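So the structure is just underneath, and the comments pick up after that.
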Amino acid sequence: MMLLNRTVQTLSRRSLHTIALLAAFTFISLMLGGPAIAQETPPITVEAVTVEPASPGPDTLCKLTVKLANGGDRTASQLDFKVKINGQELPVYTNQLFMFPVPAGETVDIPLYNFWSTETSRPAPVDGKLDIEVTLAAAQWTEIKVEADVEVWRPLGPVEGLPIARNLALSMSK
């Protein structure tokens with residue numbers, strides 16, 4: 001306590017005012033617009049990933065669908081998906097954009113590419129589990145309107161908060 005009193009006594013009034021102002025500004029900036037502790041939910045979310053059949057056997061053609069919910073105030077499109085099966089990325093998604101509109105406030109099922117449950121480069125997993133990860137890597141806010149009987153799509157900028165992913169684990173039948 002004695003050391004604190006000496007330190008305060010040796011500081012000039014101007015220094016004390018500066019320290020008090022800095023403390024006040026720091027407190028106000030944190031209250032008004034400082035960094036958020038919890039992350040906000042992105043405007044586009046992957047609600048579900050579905051595969052048919054739900055329990056595929058080896059060498060089975062599977063239908064893949066993703067359900068996207070748009071909580072934003074504009075239509076989203078130019079959807080850039082990445083798909084991994086048991087940790088192995090499917091190359092068909094490398095240079096593809098899905099031009100499906102996802103209107104503001106709506107949830108839409110998007111059909112993705114079919115895949116084989118096993119392939120030469122991806123044999124049946126020893127544990128019988130097929131782990132599927134679908135990532136929405138990027139998307140664009142899009143204005144869609146009709147001008148002179150022609151539908152015009154105008155990109156408005158990237159959807160923030162991406163990438164987002166959803167996993168699905170399936171048990172393979174024998």
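Just so we're on the same page: first chain in the structure tokens is A, next is B, and so on; residues restart at 1 for each chain, and ligands are numbered from 1 in the order they show up.
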Please list as a ChimeraX atom specification every residue within 7 Å of Gly105 (chain A), counting only C-alpha atoms and excluding residues in the same chain fewer than 5 positions away.
/A:70-72
Could you write those residues out with N, CA and C atoms, as a PDB file, in the first residue's frame?
ATOM      1  N   ASN A  70     -31.597 -20.137 -45.315  1.00  0.00           N
ATOM      2  CA  ASN A  70     -31.116 -18.777 -45.518  1.00  0.00           C
ATOM      3  C   ASN A  70     -31.800 -17.856 -44.505  1.00  0.00           C
ATOM      4  N   GLY A  71     -31.049 -17.450 -43.495  1.00  0.00           N
ATOM      5  CA  GLY A  71     -31.562 -16.522 -42.491  1.00  0.00           C
ATOM      6  C   GLY A  71     -31.254 -15.080 -42.838  1.00  0.00           C
ATOM      7  N   GLY A  72     -30.692 -14.852 -44.026  1.00  0.00           N
ATOM      8  CA  GLY A  72     -30.357 -13.495 -44.451  1.00  0.00           C
ATOM      9  C   GLY A  72     -31.557 -12.780 -45.044  1.00  0.00           C
TER      10      GLY A  72
END
Residues near region 41-43 of chain A, anyone? I mean within 10 Å using only C-alpha atoms, not counting same-chain ones fewer than 6 positions away, as a count of residues only. 15
Skip Ile110 (chain A) itself and residues of its chain fewer than 2 positions away, then list as a compact mmCIF listing (two decimals) with N, CA and C atoms, in the first residue's frame all residues within 12 Å of it, counting only C-alpha atoms.
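Saved result, out_9.txt, follows:
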# COMPACT_ATOMS: atom_id res chain seq x y z
N VAL A 46 -26.17 -25.04 -42.91
CA VAL A 46 -26.43 -26.37 -43.44
C VAL A 46 -27.27 -27.07 -42.38
N GLU A 47 -28.55 -27.22 -42.66
CA GLU A 47 -29.48 -27.80 -41.69
C GLU A 47 -29.37 -29.32 -41.64
N ALA A 48 -29.14 -29.96 -42.80
CA ALA A 48 -29.08 -31.42 -42.82
C ALA A 48 -28.36 -31.90 -44.06
N VAL A 49 -27.80 -33.08 -43.94
CA VAL A 49 -27.22 -33.82 -45.06
C VAL A 49 -27.93 -35.16 -45.09
N THR A 50 -28.45 -35.55 -46.25
CA THR A 50 -29.11 -36.84 -46.36
C THR A 50 -28.49 -37.66 -47.48
N LYS A 63 -27.41 -41.23 -53.37
CA LYS A 63 -27.95 -39.92 -53.70
C LYS A 63 -27.67 -38.99 -52.51
N LEU A 64 -27.02 -37.85 -52.77
CA LEU A 64 -26.62 -36.91 -51.73
C LEU A 64 -27.43 -35.62 -51.87
N THR A 65 -28.03 -35.18 -50.76
CA THR A 65 -28.81 -33.94 -50.73
C THR A 65 -28.41 -33.15 -49.50
N VAL A 66 -28.37 -31.83 -49.65
CA VAL A 66 -28.08 -30.94 -48.53
C VAL A 66 -29.24 -29.97 -48.37
N LYS A 67 -29.60 -29.69 -47.13
CA LYS A 67 -30.69 -28.75 -46.83
C LYS A 67 -30.05 -27.47 -46.31
N LEU A 68 -30.24 -26.36 -47.05
CA LEU A 68 -29.69 -25.06 -46.65
C LEU A 68 -30.81 -24.15 -46.18
N ALA A 69 -30.56 -23.43 -45.09
CA ALA A 69 -31.49 -22.43 -44.58
C ALA A 69 -30.85 -21.06 -44.73
N SER A 77 -26.82 -17.63 -53.76
CA SER A 77 -26.59 -18.60 -54.84
C SER A 77 -25.09 -18.71 -55.05
N LEU A 79 -23.26 -21.43 -55.02
CA LEU A 79 -22.89 -22.22 -53.85
C LEU A 79 -21.68 -23.09 -54.15
N ASP A 80 -20.64 -22.94 -53.38
CA ASP A 80 -19.40 -23.69 -53.55
C ASP A 80 -19.32 -24.75 -52.45
N PHE A 81 -19.61 -26.00 -52.83
CA PHE A 81 -19.59 -27.11 -51.88
C PHE A 81 -18.30 -27.88 -51.97
N PHE A 98 -22.84 -24.33 -57.66
CA PHE A 98 -24.23 -24.71 -57.83
C PHE A 98 -25.06 -23.43 -57.89
N MET A 99 -25.75 -23.26 -59.00
CA MET A 99 -26.50 -22.03 -59.25
C MET A 99 -27.96 -22.16 -58.81
N PHE A 100 -28.18 -22.76 -57.66
CA PHE A 100 -29.51 -22.86 -57.10
C PHE A 100 -29.77 -21.62 -56.25
N PRO A 101 -30.92 -20.96 -56.43
CA PRO A 101 -31.24 -19.83 -55.55
C PRO A 101 -31.78 -20.34 -54.21
N VAL A 102 -31.33 -19.71 -53.14
CA VAL A 102 -31.85 -19.99 -51.80
C VAL A 102 -32.44 -18.66 -51.31
N THR A 107 -35.83 -22.40 -46.57
CA THR A 107 -34.98 -23.57 -46.48
C THR A 107 -35.19 -24.38 -47.75
N VAL A 108 -34.09 -24.77 -48.39
CA VAL A 108 -34.15 -25.41 -49.70
C VAL A 108 -33.30 -26.68 -49.69
N LEU A 112 -26.96 -32.69 -54.60
CA LEU A 112 -25.55 -32.67 -54.97
C LEU A 112 -25.27 -33.88 -55.85
N TYR A 113 -24.01 -34.10 -56.19
CA TYR A 113 -23.67 -35.21 -57.07
C TYR A 113 -23.82 -36.54 -56.35
N VAL A 134 -20.11 -32.44 -45.58
CA VAL A 134 -20.47 -31.48 -46.63
C VAL A 134 -20.18 -30.09 -46.09
N LEU A 136 -20.19 -25.96 -47.02
CA LEU A 136 -20.49 -24.84 -47.90
C LEU A 136 -19.32 -23.88 -47.73
Using only C-alpha atoms, which of the listed residues (A:Ile132, A:Ala124, A:Ile44, A:Ala148) sits closest to Gln88 (chain A)?
->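 The closest residue to Gln88 (chain A) is A:Ile132.
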Open item on the list: According to DSSP computed on the backbone, where in region 30-137 of chain A is there alpha helix (DSSP H)? Give the residues as number ranges by chain.
Closed with: A: 30-33
Next, dump the selected residues to file, keeping only N, CA, C and O atoms, as a PDB file, in the first residue's frame.
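Now in again27.pdb:
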ATOM      1  N   LEU A  30     -15.451  -1.311 -25.278  1.00  0.00           N
ATOM      2  CA  LEU A  30     -15.810  -2.715 -25.098  1.00  0.00           C
ATOM      3  C   LEU A  30     -17.314  -2.882 -24.962  1.00  0.00           C
ATOM      4  O   LEU A  30     -17.896  -3.849 -25.474  1.00  0.00           O
ATOM      5  N   MET A  31     -17.977  -1.949 -24.282  1.00  0.00           N
ATOM      6  CA  MET A  31     -19.422  -2.032 -24.100  1.00  0.00           C
ATOM      7  C   MET A  31     -20.164  -1.776 -25.411  1.00  0.00           C
ATOM      8  O   MET A  31     -21.161  -2.422 -25.708  1.00  0.00           O
ATOM      9  N   LEU A  32     -19.692  -0.847 -26.233  1.00  0.00           N
ATOM     10  CA  LEU A  32     -20.413  -0.466 -27.450  1.00  0.00           C
ATOM     11  C   LEU A  32     -20.074  -1.325 -28.653  1.00  0.00           C
ATOM     12  O   LEU A  32     -20.952  -1.657 -29.440  1.00  0.00           O
ATOM     13  N   GLY A  33     -18.843  -1.639 -28.839  1.00  0.00           N
ATOM     14  CA  GLY A  33     -18.517  -2.339 -30.074  1.00  0.00           C
ATOM     15  C   GLY A  33     -17.278  -3.185 -30.001  1.00  0.00           C
ATOM     16  O   GLY A  33     -16.650  -3.430 -31.017  1.00  0.00           O
TER      17      GLY A  33
END
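If you look at CA of Lys145 (chain A) and CA of Gln78 (chain A), they are 15.8 Å away from each other.
Interatomic distance, CA of Ala54 (chain A) to CA of Thr120 (chain A): 21.6 Å.
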Nearest to Gly87 (chain A), restricted to only C-alpha atoms and choosing among A:Arg154, A:Glu147, A:Pro125, A:Met172, comes out as A:Pro125
Shell around Lys82 (chain A) at 10 Å using only C-alpha atoms, local window under 5 positions removed, as a PyMOL selection string: chain A and resi 89-96+133-138+163+165
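From CA of Glu151 (chain A) back to CA of Asn114 (chain A), the distance works out to 28.8 Å.
When only C-alpha atoms are used to compute distances to Pro155 (chain A), the closest of the residues A:Lys129, A:Ala169, A:Thr75, A:Lys174 turns out to be A:Thr75.
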Practice task
Please give the complete set of residues from region 11-174 of chain A that DSSP, run on the backbone, assigns to strand (DSSP E), formatted as a ChimeraX atom specification.
Solution key: /A:44-52,61-70,75-85,88-89,107-111,115-116,129-147,150-158,164-171
I'd like the neighbourhood of Ser55 (chain A) as a VMD selection string, where a residue qualifies if any of its atoms comes within 9 Å (using only C-alpha atoms), though same-chain residues fewer than 6 positions away should be ignored. chain A and resid 170 to 173
Keeping only all heavy atoms, take the residues you just selected and write them out as a tab-separated table (two decimals), in the first residue's frame.
chain	number	residue	atom	x	y	z
A	170	LEU	N	-22.87	-42.82	-41.48
A	170	LEU	CA	-23.75	-43.92	-41.87
A	170	LEU	C	-23.08	-45.23	-41.53
A	170	LEU	O	-21.86	-45.36	-41.60
A	170	LEU	CB	-24.02	-43.88	-43.39
A	170	LEU	CG	-24.66	-42.64	-43.96
A	170	LEU	CD1	-24.76	-42.76	-45.47
A	170	LEU	CD2	-26.01	-42.39	-43.35
A	171	SER	N	-23.90	-46.23	-41.21
A	171	SER	CA	-23.40	-47.57	-41.05
A	171	SER	C	-23.67	-48.33	-42.35
A	171	SER	O	-24.81	-48.34	-42.83
A	171	SER	CB	-24.10	-48.29	-39.89
A	171	SER	OG	-23.77	-47.68	-38.67
A	172	MET	N	-22.64	-48.91	-42.90
A	172	MET	CA	-22.79	-49.63	-44.16
A	172	MET	C	-23.37	-51.02	-43.90
A	172	MET	O	-23.06	-51.66	-42.91
A	172	MET	CB	-21.46	-49.75	-44.89
A	172	MET	CG	-20.92	-48.40	-45.36
A	172	MET	SD	-19.41	-48.55	-46.30
A	172	MET	CE	-20.00	-49.38	-47.78
A	173	SER	N	-24.25	-51.45	-44.82
A	173	SER	CA	-24.75	-52.81	-44.73
A	173	SER	C	-23.75	-53.74	-45.42
A	173	SER	O	-22.90	-53.29	-46.18
A	173	SER	CB	-26.12	-52.91	-45.40
A	173	SER	OG	-26.03	-52.63	-46.78
